[in-house]
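Engineer: The file below is data11.csv, CSV, C-alpha atoms:
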```csv
chain,number,residue,atom,x,y,z
A,253,MET,CA,-23.5,124.7,9.8
A,254,THR,CA,-25.1,128.1,9.6
A,255,ALA,CA,-25.6,128.3,13.4
A,256,MET,CA,-21.9,127.5,14.1
A,257,LEU,CA,-20.6,130.0,11.6
A,258,SER,CA,-22.8,132.7,13.1
A,259,ARG,CA,-21.2,132.2,16.5
A,260,TYR,CA,-17.7,132.8,15.0
A,261,GLU,CA,-18.9,135.7,12.8
A,262,GLN,CA,-20.9,137.7,15.3
A,263,PRO,CA,-19.5,141.2,15.9
A,264,TYR,CA,-17.5,141.7,19.1
A,265,PHE,CA,-19.7,143.6,21.6
A,266,GLY,CA,-17.1,144.2,24.3
A,267,LEU,CA,-16.6,147.7,25.7
A,268,HIS,CA,-12.9,147.8,24.9
A,269,PRO,CA,-10.7,146.5,22.1
A,270,LYS,CA,-8.6,143.5,22.8
A,271,LEU,CA,-5.9,141.4,21.2
A,272,VAL,CA,-6.1,137.6,21.2
A,273,LEU,CA,-2.8,135.7,20.8
A,274,ALA,CA,-2.9,131.9,20.4
A,275,PHE,CA,0.2,129.9,20.8
A,276,ASP,CA,0.6,126.4,19.4
A,277,ILE,CA,3.9,125.2,20.8
A,278,GLY,CA,4.4,121.8,19.1
A,279,ILE,CA,7.0,119.1,19.5
A,280,THR,CA,8.8,119.9,16.3
A,281,HIS,CA,7.2,123.2,15.1
A,282,SER,CA,5.3,126.1,16.6
A,283,SER,CA,3.0,128.9,15.4
A,284,VAL,CA,1.1,131.9,16.5
A,285,SER,CA,-2.3,133.2,15.4
A,286,TYR,CA,-4.0,136.5,16.5
A,287,CYS,CA,-7.2,138.4,16.3
A,288,MET,CA,-7.9,142.1,16.9
A,289,LEU,CA,-11.2,142.4,18.8
A,290,THR,CA,-12.8,145.8,17.9
A,291,PRO,CA,-16.2,146.7,19.4
A,292,GLY,CA,-18.9,146.3,16.7
A,293,LYS,CA,-16.6,144.6,14.2
A,294,VAL,CA,-16.6,140.9,13.1
A,295,PRO,CA,-13.3,139.2,14.3
A,296,ILE,CA,-10.8,138.3,11.6
A,297,ILE,CA,-8.1,135.6,12.4
A,298,CYS,CA,-4.6,136.4,11.2
A,299,SER,CA,-1.3,134.5,11.3
A,300,VAL,CA,2.2,135.6,12.2
A,301,ASN,CA,3.8,134.8,8.9
A,302,ARG,CA,7.3,136.2,9.4
A,303,TYR,CA,10.0,135.2,11.9
A,304,PRO,CA,13.7,136.0,12.2
A,305,GLY,CA,16.1,133.8,10.3
A,306,GLN,CA,13.5,132.4,7.8
A,307,GLU,CA,15.0,131.8,4.3
A,308,CYS,CA,11.9,131.9,2.2
A,309,ILE,CA,10.8,135.3,0.9
A,310,GLY,CA,7.8,136.5,2.8
A,311,GLY,CA,8.4,134.1,5.7
A,312,ASP,CA,6.4,131.2,6.9
A,313,SER,CA,3.7,130.5,9.4
A,314,LYS,CA,5.7,127.9,11.4
A,315,ILE,CA,9.1,127.8,13.0
A,316,PRO,CA,11.1,124.9,14.4
A,317,SER,CA,10.7,124.3,18.1
A,318,LEU,CA,14.4,124.5,18.6
A,319,LEU,CA,16.6,126.5,21.0
A,320,TYR,CA,20.4,126.9,21.5
A,321,TYR,CA,21.6,127.7,25.0
A,322,ASN,CA,25.1,128.9,25.8
A,323,THR,CA,27.1,127.6,28.7
A,324,SER,CA,25.6,130.2,31.0
A,325,GLY,CA,22.0,129.0,30.3
A,326,ILE,CA,21.1,131.9,28.1
A,327,ALA,CA,19.0,131.3,24.9
A,328,CYS,CA,21.2,132.5,22.0
A,329,ALA,CA,19.1,131.3,19.1
A,330,ILE,CA,15.5,130.2,18.8
A,331,GLY,CA,13.3,128.9,15.9
A,332,ALA,CA,14.5,129.5,12.4
A,333,GLU,CA,17.6,131.4,13.8
A,334,THR,CA,19.0,128.1,14.8
A,335,MET,CA,19.7,127.2,11.2
A,336,HIS,CA,22.3,129.9,10.9
A,337,VAL,CA,24.4,129.4,14.0
A,338,ILE,CA,25.4,125.8,13.7
A,339,GLU,CA,29.1,126.5,13.3
A,340,ARG,CA,29.2,129.0,16.1
A,341,ALA,CA,27.2,126.7,18.4
A,342,GLU,CA,29.8,124.0,17.9
A,343,GLU,CA,32.7,126.3,18.5
A,344,GLU,CA,31.3,127.8,21.7
A,345,GLY,CA,29.8,124.6,23.1
A,346,TRP,CA,26.1,125.7,22.9
A,347,VAL,CA,23.5,123.1,23.8
A,348,LYS,CA,20.8,122.4,21.2
A,349,LEU,CA,17.4,121.6,22.5
A,350,GLU,CA,14.8,119.8,20.3
A,351,TRP,CA,11.8,117.7,21.2
A,352,TRP,CA,12.3,119.3,24.7
A,353,LYS,CA,8.5,119.4,25.1
A,354,LEU,CA,8.7,115.7,25.7
A,355,HIS,CA,11.7,116.0,28.0
A,356,LEU,CA,13.6,113.8,25.6
A,357,TYR,CA,17.0,115.6,25.8
A,358,PRO,CA,18.0,116.0,29.5
A,359,PRO,CA,20.1,117.3,31.1
A,360,LEU,CA,19.1,120.9,30.3
A,361,PRO,CA,21.9,123.5,30.4
A,362,ARG,CA,23.1,124.5,33.9
A,363,GLY,CA,20.2,122.7,35.6
A,364,LYS,CA,17.6,124.7,33.6
A,365,HIS,CA,14.1,123.2,34.0
A,366,VAL,CA,11.9,122.5,31.0
A,367,ILE,CA,9.4,125.0,32.3
A,368,GLU,CA,12.0,127.7,32.0
A,369,VAL,CA,12.7,126.5,28.4
A,370,LEU,CA,9.0,126.8,27.7
A,371,GLY,CA,9.0,130.3,29.2
A,372,ASP,CA,11.9,131.4,27.0
A,373,PHE,CA,10.1,130.0,23.9
A,374,MET,CA,6.9,131.8,24.9
A,375,GLN,CA,8.7,135.0,25.4
A,376,TYR,CA,10.3,134.6,21.9
A,377,LEU,CA,7.0,134.0,20.2
A,378,LEU,CA,5.5,137.0,21.9
A,379,ARG,CA,8.4,139.2,20.7
A,380,CYS,CA,8.0,137.9,17.2
A,381,ALA,CA,4.2,138.5,17.3
A,382,ARG,CA,4.7,142.0,18.5
A,383,THR,CA,7.3,142.8,15.7
A,384,TYR,CA,5.0,141.3,13.1
A,385,ILE,CA,1.9,143.2,14.2
A,386,GLU,CA,3.8,146.5,14.5
A,387,GLU,CA,5.3,146.1,11.0
A,388,SER,CA,2.3,144.5,9.2
A,389,VAL,CA,-0.8,146.3,10.7
A,390,PRO,CA,-1.6,149.9,9.9
A,391,ASN,CA,-0.6,152.0,12.9
A,392,GLY,CA,0.8,148.8,14.4
A,393,ASN,CA,3.0,150.5,17.0
A,394,GLY,CA,0.1,152.5,18.3
A,395,LEU,CA,-2.2,149.5,18.4
A,396,TRP,CA,0.3,147.4,20.3
A,397,GLY,CA,0.7,150.2,22.8
A,398,LEU,CA,-3.0,150.4,23.2
A,399,LEU,CA,-3.6,146.6,23.5
A,400,GLU,CA,-0.4,145.4,25.3
A,401,ASN,CA,-2.2,145.2,28.6
A,402,ARG,CA,-5.4,143.7,27.1
A,403,ILE,CA,-3.9,140.7,25.5
A,404,GLU,CA,-5.9,137.5,25.9
A,405,PHE,CA,-3.4,134.5,25.7
A,406,VAL,CA,-4.6,131.1,24.5
A,407,PHE,CA,-2.3,128.1,24.7
A,408,THR,CA,-2.9,124.7,23.3
A,409,TYR,CA,-1.9,121.5,25.1
A,410,PRO,CA,-2.0,117.7,24.3
A,411,ASN,CA,-5.3,116.0,25.2
A,412,GLY,CA,-3.7,113.6,27.5
A,413,TRP,CA,-2.2,116.2,29.8
A,414,GLY,CA,-3.6,116.6,33.3
A,415,ASP,CA,-3.7,119.5,35.8
A,416,PRO,CA,0.0,119.4,36.7
A,417,GLN,CA,1.1,119.8,33.1
A,418,GLN,CA,-1.5,122.5,32.5
A,419,ARG,CA,-0.2,124.4,35.6
A,420,GLN,CA,3.2,124.4,34.0
A,421,PHE,CA,1.9,126.5,31.2
A,422,TRP,CA,0.9,129.2,33.6
A,423,ILE,CA,4.2,129.1,35.4
A,424,ALA,CA,6.1,129.3,32.1
A,425,ALA,CA,3.9,132.3,31.0
A,426,VAL,CA,4.8,134.1,34.2
A,427,LEU,CA,8.5,133.2,33.8
A,428,GLY,CA,8.5,134.4,30.2
A,429,GLY,CA,7.0,137.7,31.2
A,430,LEU,CA,3.7,137.3,29.3
A,431,VAL,CA,1.6,137.7,32.4
A,432,SER,CA,2.2,138.5,36.0
A,433,ASN,CA,1.4,136.1,38.9
A,434,THR,CA,-1.8,137.9,39.8
A,435,ALA,CA,-5.5,136.9,39.9
A,436,GLU,CA,-6.3,139.7,37.4
A,437,ASP,CA,-3.7,138.4,34.8
A,438,MET,CA,-4.9,134.8,35.4
A,439,THR,CA,-8.2,135.9,33.8
A,440,ARG,CA,-6.3,136.7,30.6
A,441,PHE,CA,-4.7,133.2,30.5
A,442,HIS,CA,-6.6,130.4,28.6
A,443,LEU,CA,-6.0,126.8,27.8
A,444,VAL,CA,-7.6,124.6,25.2
A,445,THR,CA,-6.7,121.0,24.2
A,446,GLU,CA,-5.1,120.6,20.8
A,447,GLY,CA,-7.9,118.3,19.8
A,448,GLU,CA,-10.7,120.8,20.6
A,449,ALA,CA,-8.8,123.6,18.8
A,450,ARG,CA,-8.6,121.4,15.7
A,451,LEU,CA,-12.3,120.7,16.1
A,452,HIS,CA,-13.2,124.4,16.0
A,453,HIS,CA,-11.0,124.9,13.0
A,454,CYS,CA,-12.7,121.9,11.2
A,455,ILE,CA,-16.2,123.1,11.9
A,456,HIS,CA,-15.3,126.6,10.8
A,457,HIS,CA,-13.9,125.3,7.5
A,458,ASN,CA,-17.0,123.4,6.2
A,459,THR,CA,-17.0,120.1,8.1
A,460,PRO,CA,-20.6,118.9,7.6
A,461,ILE,CA,-22.2,118.9,11.1
A,462,VAL,CA,-26.0,119.0,11.4
A,463,ALA,CA,-27.0,121.8,13.7
A,464,SER,CA,-29.5,120.0,15.9
A,465,ASP,CA,-28.1,116.4,16.3
A,466,SER,CA,-25.2,115.1,18.3
A,467,GLN,CA,-22.7,113.6,16.0
A,468,GLY,CA,-19.5,111.7,16.5
A,469,ILE,CA,-16.5,113.2,14.8
A,470,VAL,CA,-12.9,112.1,14.7
A,471,ILE,CA,-10.1,114.6,13.9
A,472,ILE,CA,-7.0,113.0,12.3
A,473,ASP,CA,-4.1,115.3,12.8
A,474,ALA,CA,-1.3,113.8,10.6
A,475,GLY,CA,1.8,115.9,11.1
A,476,ASN,CA,5.5,115.4,10.5
A,477,TRP,CA,6.2,112.7,13.0
A,478,THR,CA,3.1,112.1,15.1
A,479,ILE,CA,-0.4,111.2,14.1
A,480,ASP,CA,-3.1,112.2,16.7
A,481,LEU,CA,-6.7,111.1,16.6
A,482,ASN,CA,-9.3,112.8,18.8
A,483,ALA,CA,-13.0,111.8,19.0
A,484,TYR,CA,-15.8,114.1,20.0
A,485,SER,CA,-19.5,114.3,20.1
A,486,VAL,CA,-20.7,117.7,18.8
A,487,THR,CA,-24.0,119.4,19.0
A,488,LEU,CA,-24.7,122.8,17.6
A,489,SER,CA,-27.1,125.5,18.9
A,490,PRO,CA,-26.2,125.5,21.7
A,491,LEU,CA,-22.6,124.3,21.1
A,492,LEU,CA,-21.8,121.1,23.2
A,493,ILE,CA,-18.5,119.3,22.9
A,494,GLU,CA,-17.6,116.1,24.7
A,495,GLU,CA,-14.7,113.8,24.2
A,496,ILE,CA,-16.2,110.3,23.6
A,497,ALA,CA,-13.0,108.1,23.4
A,498,PRO,CA,-9.4,108.3,24.6
A,499,ALA,CA,-7.0,110.1,22.3
A,500,GLU,CA,-4.8,107.9,20.0
A,501,CYS,CA,-1.3,108.8,19.0
A,502,ARG,CA,1.0,107.0,16.5
A,503,LEU,CA,4.6,107.7,15.4
A,504,GLN,CA,3.9,107.3,11.7
A,505,GLY,CA,3.7,110.9,10.4
A,506,TYR,CA,4.8,111.9,6.9
A,507,GLY,CA,8.4,112.2,8.0
A,508,PHE,CA,8.5,108.4,8.2
A,509,VAL,CA,7.5,108.2,4.6
A,510,THR,CA,10.5,110.3,3.7
A,511,ARG,CA,12.7,108.1,6.0
A,512,ARG,CA,11.6,105.0,4.3
A,513,ALA,CA,12.3,106.6,0.9
A,514,ARG,CA,15.8,107.5,1.9
A,515,GLU,CA,16.6,103.9,2.5
A,516,LYS,CA,15.8,103.1,-1.1
A,517,LEU,CA,18.0,105.9,-2.6
A,518,SER,CA,21.4,104.4,-2.0
A,519,GLY,CA,23.3,102.0,-4.3
A,520,SER,CA,24.0,104.0,-7.4
A,521,ARG,CA,27.2,105.9,-8.1
A,522,PHE,CA,25.3,109.0,-6.9
A,523,GLY,CA,24.9,107.5,-3.5
A,524,THR,CA,27.2,110.0,-1.6
A,525,PRO,CA,25.7,111.4,1.6
A,526,GLU,CA,25.4,114.9,0.0
A,527,ILE,CA,23.5,113.7,-3.1
A,528,ILE,CA,21.3,111.3,-1.0
A,529,GLU,CA,20.4,114.3,1.1
A,530,GLN,CA,19.5,116.3,-2.0
A,531,MET,CA,17.4,113.4,-3.3
A,532,THR,CA,15.7,113.1,0.0
A,533,ASP,CA,14.8,116.8,0.1
A,534,ALA,CA,13.4,116.6,-3.4
A,535,PHE,CA,11.3,113.6,-2.5
A,536,ASP,CA,10.1,115.3,0.7
A,537,ASN,CA,9.1,118.6,-0.9
A,538,THR,CA,7.7,117.5,-4.3
A,539,THR,CA,7.6,113.8,-5.2
A,540,LYS,CA,5.8,112.7,-2.0
A,541,PHE,CA,2.9,115.1,-2.4
A,542,ARG,CA,2.5,114.8,-6.2
A,543,PHE,CA,2.2,111.0,-6.0
A,544,CYS,CA,-1.4,109.9,-6.7
A,545,ASN,CA,-1.3,106.7,-8.8
A,546,PRO,CA,0.8,103.6,-8.3
A,547,GLU,CA,0.4,102.8,-12.0
A,548,ASP,CA,2.5,105.8,-12.9
A,549,PRO,CA,6.2,106.3,-12.1
A,550,SER,CA,7.5,109.1,-9.9
A,551,TYR,CA,10.6,111.1,-10.4
A,552,ILE,CA,13.2,112.7,-8.1
A,553,LYS,CA,15.1,115.6,-9.7
A,554,PHE,CA,18.5,116.0,-8.2
A,555,GLY,CA,21.3,116.6,-10.8
A,556,THR,CA,22.1,117.8,-14.3
A,557,MET,CA,21.2,116.5,-17.7
A,558,ARG,CA,24.6,114.7,-17.9
A,559,ASP,CA,24.0,112.7,-14.7
A,560,LYS,CA,22.9,109.1,-15.5
A,561,ASP,CA,23.1,105.5,-14.2
A,562,PRO,CA,20.6,103.4,-16.2
A,563,GLN,CA,21.1,100.4,-13.9
A,564,PHE,CA,19.4,102.4,-11.2
A,565,ASN,CA,16.9,104.2,-13.4
A,566,ILE,CA,18.8,107.5,-13.3
A,567,ARG,CA,18.7,109.5,-16.5
A,568,SER,CA,19.1,113.3,-17.1
A,569,GLY,CA,19.6,114.0,-13.5
A,570,GLN,CA,16.3,112.3,-12.5
A,571,LEU,CA,15.7,109.1,-10.5
A,572,LYS,CA,12.7,107.1,-11.7
A,573,LEU,CA,10.8,105.3,-9.1
A,574,ASN,CA,8.2,102.5,-9.7
A,575,GLY,CA,4.8,103.7,-8.6
A,576,GLN,CA,4.1,100.6,-6.7
A,577,ASP,CA,7.3,101.0,-4.7
A,578,VAL,CA,6.3,104.6,-3.8
A,579,ALA,CA,2.8,103.4,-2.7
A,580,GLU,CA,4.5,100.9,-0.4
A,581,LEU,CA,6.3,103.8,1.4
A,582,PHE,CA,2.9,105.1,2.6
A,583,GLU,CA,1.4,101.7,3.6
A,584,PRO,CA,2.8,101.6,7.2
A,585,SER,CA,1.4,105.0,7.9
A,586,ILE,CA,-2.0,104.2,6.3
A,587,THR,CA,-2.2,100.9,8.3
A,588,SER,CA,-1.3,102.7,11.5
A,589,ILE,CA,-3.9,105.4,11.1
A,590,ILE,CA,-6.7,102.8,10.3
A,591,GLU,CA,-5.7,100.7,13.4
A,592,ALA,CA,-5.8,103.8,15.6
A,593,PHE,CA,-9.2,104.9,14.2
A,594,GLU,CA,-10.7,101.4,14.7
A,595,THR,CA,-9.5,101.4,18.3
A,596,GLN,CA,-11.2,104.8,18.8
A,597,ARG,CA,-14.3,103.8,17.0
A,598,MET,CA,-14.6,100.7,19.2
A,599,ASN,CA,-14.2,102.7,22.4
A,600,ALA,CA,-16.5,105.6,21.3
A,601,SER,CA,-19.7,106.1,23.3
A,602,ILE,CA,-21.6,107.1,20.2
A,603,PRO,CA,-21.2,106.1,16.5
A,604,ILE,CA,-18.6,108.0,14.4
A,605,THR,CA,-20.2,109.7,11.4
A,606,ILE,CA,-17.6,112.2,10.4
A,607,VAL,CA,-13.8,112.1,10.0
A,608,SER,CA,-11.7,115.2,9.2
A,609,PHE,CA,-8.2,114.8,7.9
A,610,MET,CA,-5.8,117.6,8.4
A,611,GLU,CA,-2.2,118.9,8.7
A,612,ASP,CA,0.8,118.0,6.5
A,613,PHE,CA,-0.2,114.5,5.5
A,614,ALA,CA,-3.6,115.8,4.3
A,615,ALA,CA,-1.8,117.5,1.4
A,616,SER,CA,-1.1,114.1,-0.1
A,617,ASP,CA,-3.7,113.3,-2.7
A,618,TRP,CA,-2.8,109.6,-2.4
A,619,MET,CA,-3.4,109.5,1.3
A,620,PHE,CA,-6.6,111.4,0.9
A,621,ALA,CA,-7.8,109.0,-1.9
A,622,LYS,CA,-7.0,105.9,0.2
A,623,PHE,CA,-8.8,107.2,3.3
A,624,GLN,CA,-11.7,108.5,1.3
A,625,GLU,CA,-12.2,105.0,-0.1
A,626,TYR,CA,-11.9,103.4,3.3
A,627,PHE,CA,-14.2,105.7,5.2
A,628,HIS,CA,-16.8,105.9,2.5
A,629,SER,CA,-17.0,102.1,2.6
A,630,LEU,CA,-18.0,102.4,6.3
A,631,GLY,CA,-20.6,105.0,5.5
A,632,ILE,CA,-18.6,107.7,7.2
A,633,ALA,CA,-18.3,111.3,5.8
A,634,PHE,CA,-14.7,112.1,5.1
A,635,SER,CA,-13.1,115.5,4.3
A,636,ARG,CA,-10.0,117.6,4.6
A,637,PRO,CA,-10.9,121.2,5.5
A,638,ASP,CA,-9.7,124.3,3.6
A,639,ASN,CA,-6.2,125.3,4.6
A,640,HIS,CA,-5.6,121.8,5.9
A,641,CYS,CA,-1.9,122.3,5.9
A,642,ASN,CA,-1.9,125.7,7.6
A,643,LYS,CA,-2.0,126.5,11.3
A,644,ALA,CA,-5.1,124.6,12.2
A,645,VAL,CA,-4.4,124.4,15.9
A,646,ALA,CA,-3.4,128.0,16.5
A,647,ASP,CA,-6.3,129.3,14.4
A,648,GLY,CA,-8.6,126.9,16.2
A,649,ALA,CA,-7.5,128.2,19.5
A,650,VAL,CA,-8.5,131.7,18.5
A,651,LEU,CA,-11.9,130.4,17.3
A,652,TYR,CA,-12.3,128.7,20.7
A,653,TYR,CA,-11.8,132.0,22.4
A,654,ILE,CA,-14.2,133.8,20.1
A,655,GLU,CA,-16.8,131.1,20.6
A,656,GLN,CA,-16.6,131.7,24.4
A,657,LEU,CA,-17.6,135.3,23.9
A,658,VAL,CA,-21.0,134.4,22.5
A,659,ALA,CA,-21.6,131.2,24.5
A,660,PRO,CA,-25.0,131.2,26.2
```
Write out the structure in this file as C-alpha cells.
Structural biologist:
Amino acid sequence: MTAMLSRYEQPYFGLHPKLVLAFDIGITHSSVSYCMLTPGKVPIICSVNRYPGQECIGGDSKIPSLLYYNTSGIACAIGAETMHVIERAEEEGWVKLEWWKLHLYPPLPRGKHVIEVLGDFMQYLLRCARTYIEESVPNGNGLWGLLENRIEFVFTYPNGWGDPQQRQFWIAAVLGGLVSNTAEDMTRFHLVTEGEARLHHCIHHNTPIVASDSQGIVIIDAGNWTIDLNAYSVTLSPLLIEEIAPAECRLQGYGFVTRRAREKLSGSRFGTPEIIEQMTDAFDNTTKFRFCNPEDPSYIKFGTMRDKDPQFNIRSGQLKLNGQDVAELFEPSITSIIEAFETQRMNASIPITIVSFMEDFAASDWMFAKFQEYFHSLGIAFSRPDNHCNKAVADGAVLYYIEQLVAP
C-alpha cells in the first residue's frame, strides 16, 4: 500500500503548471474532478461541487445527464437546470434527452447526432468547471487564464467500448470546443475505462493490496440503475494492471429497490399519486439507507401527526414497514450481484482475493453486511473505500493521470 500511495503523493516535477480536468459522463449523472499541478507541490484532487440550478445549499458534486433542446436544435437547459424549465419546455415543444449515452431516445432534435449531444454536454461541464474554479480558488480568474491552454482532459468510458466509441469522445471534445483537431491538442486528450478509474480510487482509499504480489480484485460499482463489476489483476511496484475477466453489468441498482418499495405503498386512503410520490422520496432518501436489521420495523415519514390509517400501519403521519418486507426489497439486487460476481470469478484467469464495494448502494449498511458475510465465507477480503458514495470515477480518472506522470 505504501508504494502505491507514494506514486500518487509524489510532488509534480514538470516544468510548467497544469490543470487536470476529469469528466465522468454517466448514463444518469455526471461529475467533474480537477487537480492543479504546481511544480514541486504534491497534487491535491478537488471536485466541482456547484452547478447552475442546484437546489441544495452549497451545491452537489453530481448533476443529471439531462438536456433540453429547442426546435432549432439548440441546448436550452442542461443538468440541474432542467428541473426548473419543465413548464416552459412543454409550452415551447423542447425535446428532453435522457439516457442519450445509450442512444435510447432517438430521434434527436433536427437530426442532431449523439456525438453532438456529447459535445454540448462536455462544453457545459467545462463551462461549469471554469466558473467553479474562478469563484472558489484564490486568484481563480488569473489561474484559469494561465492554465487554460495547459488543460489535460481525462474522459472515462465503459469497459466494453471499442476504438470506434472511443474515437467519438475525441470528435465530441473537438465539437464542444475543449480541444482543437490538431496533433498537439491530441496529446492533452486522455481516455481511461471507468473500471480502471474506480480501481485507482479504491487503491488510493485503503483497499488492502500487497505491494509485491499480483492479486485479483473485483470492483462492484453499484449505482442508481446499473451495477457494473470489473475484475483486474494488480501488482504494485511497478504498477501493473490487467483485466482478467469480461466486465459484468446488471440492471439492479438501488433505484430498483425504490421501485419495488413504491409498489407496496398503495392501498391506504393516503394512496394518491402525490402522497405516494412523497412516501417514495422519503424511502429513497432515508429509510432505504437506514435499514440494517430485518427484525426491526422501518418507518416512512410523510404527513402530519393527525394522519392515520391503522389498517395499513399508518399512525402520526408515519407508515410502519415490517423489517422482513424491507429486506425482501433488496433481495433481487443482492442475488443479481452475487450471480454476476460468480460469473466473473469463474472466468477470471487468477483467483479473486479482494472485492471493493462502491457508489450509491455501498451507503446501505444492510447491503454491506450481507456482502461482507458472503465474501468472508469465501475467504475474500471485502471493503467499501472511504468516500464510497462520492465521485469515485472522476477522482479515479485524475489519479490515473497522476500515476502516469511517475510511471517508470
Engineer: Mind listing as JSON, numbers by chain all residues within 12 Å of (-19.4, 114.6, 9.6), counting all atoms listed in the file?
Structural biologist: {"A": [253, 451, 454, 455, 458, 459, 460, 461, 462, 463, 465, 466, 467, 468, 469, 470, 471, 483, 484, 485, 486, 487, 603, 604, 605, 606, 607, 608, 609, 627, 628, 631, 632, 633, 634, 635, 636, 637]}
Engineer: When distances are computed from all atoms listed in the file, which of A:Glu339, A:Asp437, A:Met288, A:His281 shows the smallest separation from Leu319 of chain A?
Structural biologist: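 Between A:Glu339, A:Asp437, A:Met288, A:His281, the residue approaching Leu319 of chain A most closely is A:His281.
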Engineer: Between A:Tyr626, A:Trp346, A:Phe441, A:Phe405, single out the one closest to Arg419 of chain A, counting all atoms listed in the file.
Structural biologist: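 Going through A:Tyr626, A:Trp346, A:Phe441, A:Phe405 one by one, the smallest distance to Arg419 of chain A is for A:Phe441.
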Engineer: Taking 4 positions as the minimum chain separation for residues in the same chain, which residues sit within 9 Å of segment 585-595 of chain A when counting only C-alpha atoms? Answer as a list in words.
Structural biologist: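 In the requested format, the answer is Val470, Ile472, Ala474, Ile479, Asp480, Leu481, Glu500, Cys501, Arg502, Leu503, Gln504, Gly505, Tyr506, Phe508, Val509, Leu581, Asn599, Ala600, Met619, Lys622, Phe623 and Tyr626 of chain A.
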Engineer: Rounded to one decimal in Å, what is the spacing between atom CA of Val272 of chain A and atom CA of Pro304 of chain A?
Structural biologist: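 One can read the atom CA of Val272 of chain A to atom CA of Pro304 of chain A distance as 21.8 Å.
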Engineer: Taking (17.1, 130.0, 19.4) as a centre in this file's frame and 9 Å as the limit, can you find every polymer residue with an atom that close, using all atoms listed in the file, and give them as an MDAnalysis selection string?
Structural biologist: chainID A and resid 317:321 327:334 348:349 373 376
Engineer: Take the residues from that selection and put them in a file with C-alpha atoms, as a compact mmCIF listing (two decimals), keeping the file's coordinate frame.
Structural biologist:
```txt
# COMPACT_ATOMS: atom_id res chain seq x y z
CA SER A 317 10.70 124.30 18.10
CA LEU A 318 14.40 124.50 18.60
CA LEU A 319 16.60 126.50 21.00
CA TYR A 320 20.40 126.90 21.50
CA TYR A 321 21.60 127.70 25.00
CA ALA A 327 19.00 131.30 24.90
CA CYS A 328 21.20 132.50 22.00
CA ALA A 329 19.10 131.30 19.10
CA ILE A 330 15.50 130.20 18.80
CA GLY A 331 13.30 128.90 15.90
CA ALA A 332 14.50 129.50 12.40
CA GLU A 333 17.60 131.40 13.80
CA THR A 334 19.00 128.10 14.80
CA LYS A 348 20.80 122.40 21.20
CA LEU A 349 17.40 121.60 22.50
CA PHE A 373 10.10 130.00 23.90
CA TYR A 376 10.30 134.60 21.90
```
Engineer: Select, from A:Asn574, A:Thr445, A:Asn301, A:Thr439, the residue with the minimum atom-to-atom distance to Thr383 of chain A, counting only C-alpha atoms.
Structural biologist: A:Asn301
